[in-house]
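Just below is one structure, and these are the notes that go with it.
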Amino acid sequence: VPIADIAKEKFSAELKDKQDRMKTSDKLKAMKSFREKLPAYKLKSEFLKAVANNQVLVVSGETGCGKTTQLPQFILEEEIACLRGADCNIVCTQPRRISAISVSARISSERGEQLGETVGYQIRLEAKRSEHTRLLFCTTGILLRQLVQDPCLTGVSHLLVDEIHERGMNEDFLIIILRDLLPRRPDLRLILMSATINADMFSKYFGDAPTMHIPGFTFPVEELFLEDVLEKSRLSINSKDMFPGNALGRRKQTDSKKDPLVELFEEVEIDAHYKNYCTSTRQSLEEWSAEKIDLDLVEATIEYVCRHEGGGAILVFLTGWDEISKLLDKIKANTLLGNSSKFLVLPLHGSMPTVNQREIFDRPPSSVRKIVLATNIAESSITIDDVVYVVDCGKAKETSYDALNKLACLLPSWISKASAHQRRGRAGRVQPGVCYRLYPKIIYDAMPQYQLPEILRTPLQELCLQIKSLQLGTIAAFLAKALQPPEPLSVHNAVELLKTIGALNETEELTPLGRHLCTLPLEPNIGKMLLMGSIFQCLDPALTIAAALAHRDPFVLPLNRKEDADAAKRSFAGDSCSDHIALLKAFDGWKNAKRSGREKAYCWENFLSPLTLQMMEDMRKQFLDLLSDIGFVDKSKGAKAYNIYSDDLEMVSAILCAGLYPNVVQCKRRGKRTAFYTKEVGKVDIHPASVNAGVNSLPLPYLVYSEKVKTANIYVRDSTNISDYALLLFGGSLIPSKTGEGIEMLEGYLHFSAAKSVLDLIKKLRNELDKLLGR
Ligand code: ADP
Ligand code: MG
């Protein structure tokens with residue numbers, strides 16, 4: 001018998017021993033009985049039998065029934081009990097980093113182990129796993145990455161793909177690959193897990209795979225629409241005293257007998273939008289949908305619950321970090337909720353780099369009310385048990401893609417009925433609850449049944465690069481096999497863009513640049529900016545601007561002091577004619593202010609969001625790690641080596657051009673004014689919030705911009721004025737040349753200190769360029 005086999009046998013026996021001991025340990029008694037109460041437990045043996053007898057199984061069940069924490073664990077326990085512990089390798093994918101960490105930590109404590117022993121996690125740039133790990137939670141992105149090296153997933157015995165009902169891009173992509181892979185891996189077991197929606201569709205996709213449903217139990221949840229909330233608050237006012245010193249009292253001090261909440265709702269009621277709703281045309285629905293949430297209304301509702309309802313945590317669904325941070329600020333200033341030890345207010349957001357996990361899940365003492373401000377991450381992947389009240393704004397930030405105008409928009413829009421149902425359900429985990437829906441019933445009735453899958457509403461560039469790096473054939477042919485294939489026009493646009501920026505060549509093969517971009521889990525444009533920033537030694541600006549592009553910019557626009565805020569931004573921009581440089585200076589100023597401990601005053605004076613700046617700082621670190629991970633930055637050389645040209649604004653603009661191309665606007669003089677044109681849509685306007693808005697003439701002939709938005713007109717958001725040299729040299733594939741020389745040069749730059757030679761090159765090429773430009 002080979003020694004390796006003996007070692008394996010021994011290891012399997014050890015695992016079993018340990019598991020048997022743990023089963024009877026006193027320490028885990030409470031855990032054990034908790035687990036046995038979960039609905040999933042009743043179906044344990046049926047589940048294991050189904051896994052043993054079928055290659056694919058689709059499991060659905062209400063959120064919180066124990067799919068994620070129990071089902072992989074059942075398999076693990078069974079494998080260990082049958083002395084197959086050494087050979088089993090269970091992988092469970094999660095759409096989000098934060099749930100991979102939270103779930104693996106939970107299972108480890110359910111098993112009385114340290115995280116990283118038998119159960120571990122791996123997310124981008126961070127892992128807790130060991131050679132003994134038998135159950136690994138990872139993001140779907142990590143698994144896709146592993147497929148590059150190991151296209152057959154040779155090491156994996158069981159694969160669980162979680163939250164497939166969300167129809168995320170990565171999950172939809174993964175299941176196309178898996179369906180093709182299964183015949184080549186007859187021993188691989190695939191389990192798809194979903195909330196209670198649409199399980200049949202997945203079963204059909206996998207050739208009528210068997211399905212299994214875990215019935216769940218939740219307490220009834222009272223459902224109040226905007227009109228009901230108003231009615232209820234009126235009733236409670238009649239029976240109770242007025243709210244004293246309420247923050248909202250400020251809104252209308254004239255009528256002091258009225259409840260501020262009632263007042264607010266009346267305002268909403270007479271609001272034109274609301275009227276539109278009541279006459280509900282499809283168009284007005286869309287109009288209101290793109291609008292921001294009325295945070296006053298959310299705040300008033302939270303306050304109302306705190307004053308009039310019994311104990312229990314409140315879970316508030318908002319659309320994004322922006323609103324969470326604004327509401328946090330509001331609550332801090334609220335006379336009832338702010339600065340009181342009776343309230344524990346916690347943000348919960350998917351891209352939060354460090355989450356104070358325990359606080360979110362722990363039950364505070366009964367004198368303290370927990371209020372969690374979350375994005376739709378709390379809708380199905382994270383369950384907070386003690387929630388009794390849900391406040392639902394009814395919206396989620398959704399990327400949508402307008403293939404005709406090549407516009408990507410990240411706009412708040414109405415959620416689906418399925419999501420609304422999920423959100424409501426979050427209130428009934430431990431006792432009957434209440435769901436405050438801050439929109440009228442008529443909106444609910446108009447909501448679509450399900451949300452459109454991500455693959456149908458986002459630009460496909462990143463996905464196309466992945467298809468190429470996994471060698472899955474022609475992009476269009478591959479995507480046609482999707483559960484719901486994207487529009488051919490969207491696919492075409494994505495491929496063309498990748499060719500334009502030099503990531504794919506004419507025959508749709510990856511270029512060296514394309515191969516590098518594949519290794520970065522970022523939009524290709526942002527990735528390219530980072531690569532160029534490190535090659536051309538102005539890394540710091542590239543990191544900061546990329547962070548703002550990937551997240552959001554830190555400028556806040558207070559409605560009542562808009563002019564002051566504009567002025568602050570303009571003074572950061574100086575005479576650079578660049579919103580990007582403005583944000584760069586604002587960020588650098590914040591870092592300095594931070595060093596001297598006066599960042600609060602700095603943010604206040606300059607209309608900047610401290611939370612966004614902090615988030616940018618964290619993202620910069622992540623980006624730097626990514627670049628060092630793929631060998632573009634050698635951290636041992638120190639930051640200086642990569643920042644030789646960081647203060648050279650011409651160079652920074654050139655890098656911006658490299659990253660933002662083909663988002664180019666041509667500036668044409670029209671008499672005294674300048675008119676702006678893009679290739680795709682013709683005339684555009686500069687967004688009023690830009691430092692370039694209202695400028696009569698710009699010194700240089702082009703602008704590069706971050707995004708186009710379409711409202712009444714088409715506006716370009718943050719923009720930077722650039723020269724024709726920058727555009728010629730840095731637009732497209734570095735240096736346009738028929739032989740692909742420019743791309744070869746990029747490779748060359750990786751090995752030489754390049755920036756100097758590029759500046760030389762610009763000088764040398766000037767004559768040639770001038771000829772090209774007809775000078
Ligand atoms: P599902 O995947 O079906 O939505 P989970 O397996 O995630 O359900 O969760 C089952 C139950 O385990 C939850 O209802 C919750 O009570 C508990 N739970 C899950 N994660 C944690 C955690 N990190 N801390 C405390 N309890 C948790
Ligand atoms: Mg789950």
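By convention in this document, the chains of the structure tokens carry letters A, B, ... by their order, each chain's residues are numbered from 1, and ligands are numbered from 1 in the order they are shown.
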Within 8 Å of ligand 1, counting only C-alpha atoms and all ligand atoms, which protein or nucleic acid residues do you find, written as an mmCIF file with C-alpha atoms, in the first residue's frame?
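out_0.cif, written as the output of this step:
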```
data_model
loop_
_atom_site.group_PDB
_atom_site.id
_atom_site.type_symbol
_atom_site.label_atom_id
_atom_site.label_comp_id
_atom_site.auth_asym_id
_atom_site.auth_seq_id
_atom_site.Cartn_x
_atom_site.Cartn_y
_atom_site.Cartn_z
ATOM 1 C CA ARG A 35 -28.952 23.433 14.582
ATOM 2 C CA LEU A 38 -33.447 24.668 11.802
ATOM 3 C CA ALA A 40 -32.961 22.056 7.050
ATOM 4 C CA GLY A 61 -35.841 27.130 0.852
ATOM 5 C CA GLU A 62 -36.808 30.308 2.681
ATOM 6 C CA THR A 63 -33.914 32.462 3.754
ATOM 7 C CA GLY A 64 -32.704 31.455 7.180
ATOM 8 C CA CYS A 65 -33.835 27.819 6.935
ATOM 9 C CA GLY A 66 -30.218 26.643 7.037
ATOM 10 C CA LYS A 67 -29.179 26.123 3.427
ATOM 11 C CA THR A 68 -25.826 27.840 3.558
ATOM 12 C CA THR A 69 -24.679 26.870 7.029
ATOM 13 C CA GLN A 70 -26.197 23.366 7.195
ATOM 14 C CA LEU A 71 -26.200 21.683 3.793
ATOM 15 C CA SER A 102 -19.397 35.221 7.966
ATOM 16 C CA VAL A 103 -20.678 31.769 7.023
ATOM 17 C CA ALA A 105 -16.845 31.557 10.792
ATOM 18 C CA ARG A 106 -20.326 30.512 11.838
ATOM 19 C CA ILE A 107 -19.834 26.881 10.775
ATOM 20 C CA ALA A 195 -34.296 31.067 -2.186
ATOM 21 C CA GLN A 357 -19.348 40.954 12.408
ATOM 22 C CA ARG A 358 -20.319 40.154 15.946
ATOM 23 C CA PHE A 361 -25.451 39.301 14.696
ATOM 24 C CA ASP A 362 -25.326 39.692 18.483
ATOM 25 C CA SER A 380 -31.032 36.926 1.495
ATOM 26 C CA SER A 381 -27.372 36.244 2.153
ATOM 27 C CA ILE A 382 -27.079 37.551 5.689
ATOM 28 C CA THR A 383 -29.684 36.710 8.288
ATOM 29 C CA ILE A 384 -29.963 38.819 11.402
ATOM 30 C CA ASP A 385 -32.240 36.870 13.714
ATOM 31 C CA ARG A 429 -37.580 35.362 12.351
#
```
Pick out the residues sitting within 10 Å of Gly320 (chain A), and hand them over as a ChimeraX atom specification; count only C-alpha atoms, and ignore anything fewer than 2 positions along from it in its own chain.
-> /A:317-318,322-325,348-350,373-376,395-397,412
Suppose you want the space between CA of Met169 (chain A) and CA of Glu454 (chain A); what is it in Å?
->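 Atom-to-atom, CA of Met169 (chain A) and CA of Glu454 (chain A) are spaced 5.2 Å apart.
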For region 435-437 of chain A, list every protein, DNA or RNA residue within 10 Å, evaluated using only C-alpha atoms, and leave out those in the same chain fewer than 2 positions away; present the list as a PyMOL selection string.
-> chain A and resi 221-229+298+301-302+305+314-317+388-394+420+423-428+433+439-441+444
Could you write out that same residue set with N, CA and C atoms as an mmCIF file, in the first residue's frame?
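Result file is part.cif:
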```cif
data_model
loop_
_atom_site.group_PDB
_atom_site.id
_atom_site.type_symbol
_atom_site.label_atom_id
_atom_site.label_comp_id
_atom_site.auth_asym_id
_atom_site.auth_seq_id
_atom_site.Cartn_x
_atom_site.Cartn_y
_atom_site.Cartn_z
ATOM 1 N N VAL A 221 -45.848 38.614 9.280
ATOM 2 C CA VAL A 221 -45.314 39.980 9.271
ATOM 3 C C VAL A 221 -46.384 40.913 8.721
ATOM 4 N N GLU A 222 -46.740 41.892 9.529
ATOM 5 C CA GLU A 222 -47.725 42.871 9.086
ATOM 6 C C GLU A 222 -47.087 43.739 8.010
ATOM 7 N N GLU A 223 -47.852 44.000 6.959
ATOM 8 C CA GLU A 223 -47.277 44.713 5.828
ATOM 9 C C GLU A 223 -47.969 46.063 5.688
ATOM 10 N N LEU A 224 -47.218 47.130 5.804
ATOM 11 C CA LEU A 224 -47.809 48.460 5.718
ATOM 12 C C LEU A 224 -47.240 49.194 4.510
ATOM 13 N N PHE A 225 -48.104 49.651 3.637
ATOM 14 C CA PHE A 225 -47.647 50.499 2.545
ATOM 15 C C PHE A 225 -47.687 51.942 2.998
ATOM 16 N N LEU A 226 -47.162 52.823 2.183
ATOM 17 C CA LEU A 226 -47.045 54.227 2.575
ATOM 18 C C LEU A 226 -48.364 54.769 3.132
ATOM 19 N N GLU A 227 -49.446 54.459 2.435
ATOM 20 C CA GLU A 227 -50.727 54.998 2.894
ATOM 21 C C GLU A 227 -51.123 54.420 4.255
ATOM 22 N N ASP A 228 -50.781 53.142 4.487
ATOM 23 C CA ASP A 228 -51.106 52.520 5.780
ATOM 24 C C ASP A 228 -50.240 53.097 6.887
ATOM 25 N N VAL A 229 -48.987 53.372 6.556
ATOM 26 C CA VAL A 229 -48.076 53.932 7.551
ATOM 27 C C VAL A 229 -48.626 55.264 8.021
ATOM 28 N N VAL A 298 -37.385 58.111 5.844
ATOM 29 C CA VAL A 298 -36.800 56.934 6.478
ATOM 30 C C VAL A 298 -36.501 57.239 7.949
ATOM 31 N N THR A 301 -39.578 57.391 10.033
ATOM 32 C CA THR A 301 -40.156 56.075 10.281
ATOM 33 C C THR A 301 -39.384 55.339 11.373
ATOM 34 N N ILE A 302 -38.051 55.414 11.316
ATOM 35 C CA ILE A 302 -37.240 54.785 12.367
ATOM 36 C C ILE A 302 -37.620 55.380 13.718
ATOM 37 N N VAL A 305 -40.959 54.094 14.925
ATOM 38 C CA VAL A 305 -40.877 52.746 15.490
ATOM 39 C C VAL A 305 -40.290 52.810 16.902
ATOM 40 N N ILE A 314 -34.328 46.918 14.254
ATOM 41 C CA ILE A 314 -34.887 47.472 13.023
ATOM 42 C C ILE A 314 -33.872 47.260 11.904
ATOM 43 N N LEU A 315 -34.361 46.730 10.805
ATOM 44 C CA LEU A 315 -33.485 46.562 9.636
ATOM 45 C C LEU A 315 -33.981 47.496 8.541
ATOM 46 N N VAL A 316 -33.108 48.393 8.101
ATOM 47 C CA VAL A 316 -33.493 49.376 7.094
ATOM 48 C C VAL A 316 -32.808 49.046 5.771
ATOM 49 N N PHE A 317 -33.587 48.919 4.713
ATOM 50 C CA PHE A 317 -33.001 48.653 3.397
ATOM 51 C C PHE A 317 -32.836 49.945 2.625
ATOM 52 N N VAL A 388 -37.231 42.647 14.060
ATOM 53 C CA VAL A 388 -38.680 42.612 14.198
ATOM 54 C C VAL A 388 -39.333 43.643 13.266
ATOM 55 N N TYR A 389 -38.581 44.698 12.941
ATOM 56 C CA TYR A 389 -39.117 45.740 12.073
ATOM 57 C C TYR A 389 -38.236 45.899 10.844
ATOM 58 N N VAL A 390 -38.881 45.868 9.703
ATOM 59 C CA VAL A 390 -38.147 46.148 8.470
ATOM 60 C C VAL A 390 -38.662 47.464 7.908
ATOM 61 N N VAL A 391 -37.758 48.351 7.554
ATOM 62 C CA VAL A 391 -38.142 49.574 6.860
ATOM 63 C C VAL A 391 -37.584 49.439 5.445
ATOM 64 N N ASP A 392 -38.488 49.365 4.481
ATOM 65 C CA ASP A 392 -38.058 49.063 3.122
ATOM 66 C C ASP A 392 -38.316 50.251 2.199
ATOM 67 N N CYS A 393 -37.249 50.778 1.631
ATOM 68 C CA CYS A 393 -37.410 51.916 0.718
ATOM 69 C C CYS A 393 -37.876 51.448 -0.661
ATOM 70 N N GLY A 394 -37.830 50.145 -0.889
ATOM 71 C CA GLY A 394 -38.370 49.613 -2.139
ATOM 72 C C GLY A 394 -37.447 49.717 -3.338
ATOM 73 N N ALA A 420 -39.117 42.277 -2.657
ATOM 74 C CA ALA A 420 -39.949 42.914 -1.632
ATOM 75 C C ALA A 420 -40.423 41.855 -0.629
ATOM 76 N N ARG A 423 -37.519 40.878 1.621
ATOM 77 C CA ARG A 423 -37.237 41.909 2.616
ATOM 78 C C ARG A 423 -38.255 41.856 3.754
ATOM 79 N N ARG A 424 -39.502 41.682 3.405
ATOM 80 C CA ARG A 424 -40.535 41.612 4.427
ATOM 81 C C ARG A 424 -40.267 40.450 5.371
ATOM 82 N N GLY A 425 -39.894 39.312 4.778
ATOM 83 C CA GLY A 425 -39.674 38.102 5.554
ATOM 84 C C GLY A 425 -38.596 38.252 6.621
ATOM 85 N N ARG A 426 -37.696 39.187 6.434
ATOM 86 C CA ARG A 426 -36.595 39.390 7.387
ATOM 87 C C ARG A 426 -37.111 39.816 8.768
ATOM 88 N N ALA A 427 -38.375 40.265 8.828
ATOM 89 C CA ALA A 427 -38.893 40.774 10.108
ATOM 90 C C ALA A 427 -39.511 39.689 10.981
ATOM 91 N N GLY A 428 -39.718 38.499 10.438
ATOM 92 C CA GLY A 428 -40.477 37.513 11.199
ATOM 93 C C GLY A 428 -39.673 36.320 11.677
ATOM 94 N N GLY A 433 -43.666 40.317 13.176
ATOM 95 C CA GLY A 433 -42.995 41.589 12.916
ATOM 96 C C GLY A 433 -43.819 42.537 12.068
ATOM 97 N N TYR A 439 -43.459 53.101 0.233
ATOM 98 C CA TYR A 439 -43.991 53.405 -1.091
ATOM 99 C C TYR A 439 -45.426 52.897 -1.123
ATOM 100 N N PRO A 440 -46.250 53.499 -1.975
ATOM 101 C CA PRO A 440 -47.660 53.102 -1.989
ATOM 102 C C PRO A 440 -47.871 51.724 -2.620
ATOM 103 N N LYS A 441 -49.003 51.142 -2.299
ATOM 104 C CA LYS A 441 -49.349 49.820 -2.814
ATOM 105 C C LYS A 441 -49.323 49.794 -4.343
ATOM 106 N N TYR A 444 -46.118 48.829 -5.619
ATOM 107 C CA TYR A 444 -45.880 47.403 -5.445
ATOM 108 C C TYR A 444 -46.545 46.617 -6.567
#
```
Shell of 7 Å around region 720-733 of chain A, only C-alpha atoms, local chain residues under 2 positions omitted, as a list in words =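 Answer for this query is Thr500, Ile501, Gly502, Cys577, Ser578, Asp579, His580, Ser653, Ala654, Cys657, Ala658, Tyr661, Pro662, Leu700, Pro701, Tyr702, Leu703, Val704, Tyr705, Ile735, Pro736, Gly742 and Ile743 of chain A.
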Pick from A:Glu231, A:Asp625, A:Asp87, A:Glu46 nearest to Lys10 (chain A), counting only C-alpha atoms |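 Under the stated criterion, the closest residue is A:Asp87.
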Give me the residues near Tyr602 (chain A) as a PDB file with N, CA and C atoms, in the first residue's frame, where near means some atom within 12 Å (using only C-alpha atoms) and where sequence neighbours in that chain fewer than 2 positions away do not count.
```
ATOM      1  N   ALA A 568     -15.501  75.119  -3.600  1.00  0.00           N
ATOM      2  CA  ALA A 568     -14.475  74.298  -2.958  1.00  0.00           C
ATOM      3  C   ALA A 568     -13.857  73.351  -3.980  1.00  0.00           C
ATOM      4  N   ALA A 586      -8.173  66.824  -3.422  1.00  0.00           N
ATOM      5  CA  ALA A 586      -9.026  66.745  -2.236  1.00  0.00           C
ATOM      6  C   ALA A 586      -8.598  65.564  -1.371  1.00  0.00           C
ATOM      7  N   PHE A 587      -8.308  64.439  -2.041  1.00  0.00           N
ATOM      8  CA  PHE A 587      -7.909  63.246  -1.302  1.00  0.00           C
ATOM      9  C   PHE A 587      -6.560  63.451  -0.611  1.00  0.00           C
ATOM     10  N   ASP A 588      -5.603  63.998  -1.351  1.00  0.00           N
ATOM     11  CA  ASP A 588      -4.288  64.224  -0.754  1.00  0.00           C
ATOM     12  C   ASP A 588      -4.385  65.183   0.431  1.00  0.00           C
ATOM     13  N   GLY A 589      -5.241  66.201   0.280  1.00  0.00           N
ATOM     14  CA  GLY A 589      -5.445  67.144   1.374  1.00  0.00           C
ATOM     15  C   GLY A 589      -6.009  66.443   2.604  1.00  0.00           C
ATOM     16  N   TRP A 590      -6.903  65.515   2.351  1.00  0.00           N
ATOM     17  CA  TRP A 590      -7.505  64.760   3.471  1.00  0.00           C
ATOM     18  C   TRP A 590      -6.439  63.935   4.199  1.00  0.00           C
ATOM     19  N   LYS A 591      -5.538  63.336   3.412  1.00  0.00           N
ATOM     20  CA  LYS A 591      -4.479  62.535   4.044  1.00  0.00           C
ATOM     21  C   LYS A 591      -3.610  63.419   4.948  1.00  0.00           C
ATOM     22  N   ASN A 592      -3.305  64.609   4.448  1.00  0.00           N
ATOM     23  CA  ASN A 592      -2.517  65.532   5.265  1.00  0.00           C
ATOM     24  C   ASN A 592      -3.276  65.951   6.512  1.00  0.00           C
ATOM     25  N   ALA A 593      -4.548  66.293   6.305  1.00  0.00           N
ATOM     26  CA  ALA A 593      -5.363  66.738   7.437  1.00  0.00           C
ATOM     27  C   ALA A 593      -5.452  65.630   8.475  1.00  0.00           C
ATOM     28  N   LYS A 594      -5.501  64.393   7.980  1.00  0.00           N
ATOM     29  CA  LYS A 594      -5.611  63.247   8.863  1.00  0.00           C
ATOM     30  C   LYS A 594      -4.367  63.143   9.742  1.00  0.00           C
ATOM     31  N   ARG A 595      -3.229  63.378   9.115  1.00  0.00           N
ATOM     32  CA  ARG A 595      -1.975  63.299   9.866  1.00  0.00           C
ATOM     33  C   ARG A 595      -1.958  64.302  11.008  1.00  0.00           C
ATOM     34  N   SER A 596      -2.571  65.464  10.783  1.00  0.00           N
ATOM     35  CA  SER A 596      -2.563  66.446  11.866  1.00  0.00           C
ATOM     36  C   SER A 596      -3.858  66.397  12.679  1.00  0.00           C
ATOM     37  N   GLY A 597      -4.635  65.319  12.474  1.00  0.00           N
ATOM     38  CA  GLY A 597      -5.812  65.096  13.315  1.00  0.00           C
ATOM     39  C   GLY A 597      -6.953  66.075  13.071  1.00  0.00           C
ATOM     40  N   ARG A 598      -6.959  66.759  11.929  1.00  0.00           N
ATOM     41  CA  ARG A 598      -8.068  67.686  11.717  1.00  0.00           C
ATOM     42  C   ARG A 598      -8.900  67.322  10.469  1.00  0.00           C
ATOM     43  N   GLU A 599      -9.067  66.010  10.285  1.00  0.00           N
ATOM     44  CA  GLU A 599      -9.768  65.609   9.066  1.00  0.00           C
ATOM     45  C   GLU A 599     -11.250  65.982   9.088  1.00  0.00           C
ATOM     46  N   LYS A 600     -11.828  66.010  10.297  1.00  0.00           N
ATOM     47  CA  LYS A 600     -13.263  66.337  10.386  1.00  0.00           C
ATOM     48  C   LYS A 600     -13.523  67.742   9.867  1.00  0.00           C
ATOM     49  N   TRP A 604     -15.564  69.010   6.489  1.00  0.00           N
ATOM     50  CA  TRP A 604     -16.679  69.937   6.653  1.00  0.00           C
ATOM     51  C   TRP A 604     -16.461  71.186   5.806  1.00  0.00           C
ATOM     52  N   GLU A 605     -15.256  71.736   5.901  1.00  0.00           N
ATOM     53  CA  GLU A 605     -14.964  72.971   5.163  1.00  0.00           C
ATOM     54  C   GLU A 605     -14.999  72.760   3.655  1.00  0.00           C
ATOM     55  N   ASN A 606     -14.619  71.562   3.234  1.00  0.00           N
ATOM     56  CA  ASN A 606     -14.473  71.354   1.793  1.00  0.00           C
ATOM     57  C   ASN A 606     -15.572  70.498   1.159  1.00  0.00           C
ATOM     58  N   PHE A 607     -16.634  70.243   1.923  1.00  0.00           N
ATOM     59  CA  PHE A 607     -17.781  69.493   1.402  1.00  0.00           C
ATOM     60  C   PHE A 607     -17.380  68.119   0.892  1.00  0.00           C
ATOM     61  N   LEU A 608     -16.695  67.387   1.753  1.00  0.00           N
ATOM     62  CA  LEU A 608     -16.253  66.048   1.388  1.00  0.00           C
ATOM     63  C   LEU A 608     -16.855  65.035   2.342  1.00  0.00           C
ATOM     64  N   SER A 609     -17.096  63.837   1.842  1.00  0.00           N
ATOM     65  CA  SER A 609     -17.639  62.788   2.684  1.00  0.00           C
ATOM     66  C   SER A 609     -16.501  61.979   3.314  1.00  0.00           C
ATOM     67  N   PRO A 610     -16.370  62.043   4.643  1.00  0.00           N
ATOM     68  CA  PRO A 610     -15.273  61.309   5.292  1.00  0.00           C
ATOM     69  C   PRO A 610     -15.378  59.809   5.064  1.00  0.00           C
ATOM     70  N   LEU A 613     -14.104  58.998   1.608  1.00  0.00           N
ATOM     71  CA  LEU A 613     -12.650  59.104   1.566  1.00  0.00           C
ATOM     72  C   LEU A 613     -12.003  57.894   2.230  1.00  0.00           C
TER      73      LEU A 613
END
```
Work out how far apart CA of Thr474 (chain A) and CA of Pro488 (chain A) are and give it in Å to one decimal.
->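 It comes out at 12.9 Å.
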Residues of region 319-509 of chain A in strand (DSSP E or B), written as JSON, numbers by chain | {"A": [343, 344, 345, 346, 347, 348, 369, 370, 371, 372, 373, 374, 387, 388, 389, 390, 391, 392, 395, 396, 397, 398, 399, 400, 401, 402, 407, 408, 409, 410, 411, 412, 413, 414, 433, 434, 435, 436, 437, 504]}
Which of these residues is nearest to ligand 2, using only C-alpha atoms and all ligand atoms: A:Phe343, A:Ala378, A:Leu15, A:Leu115?
->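 The closest residue to ligand 2 is A:Ala378.
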For Ser706 (chain A): contacts at 8 Å, only C-alpha atoms, fewer than 6 positions along chain excluded, given as a count of residues only | 7
Which residues, written as a list in words, have at least one atom at most 9 Å from Phe202 (chain A), with only C-alpha atoms counted and residues fewer than 5 positions away on the same chain left out?
->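 Final neighbour list, sorted by chain and number: Val58, Ile164, Leu192, Gly207, Asp208, Ala209 and Leu483 of chain A.
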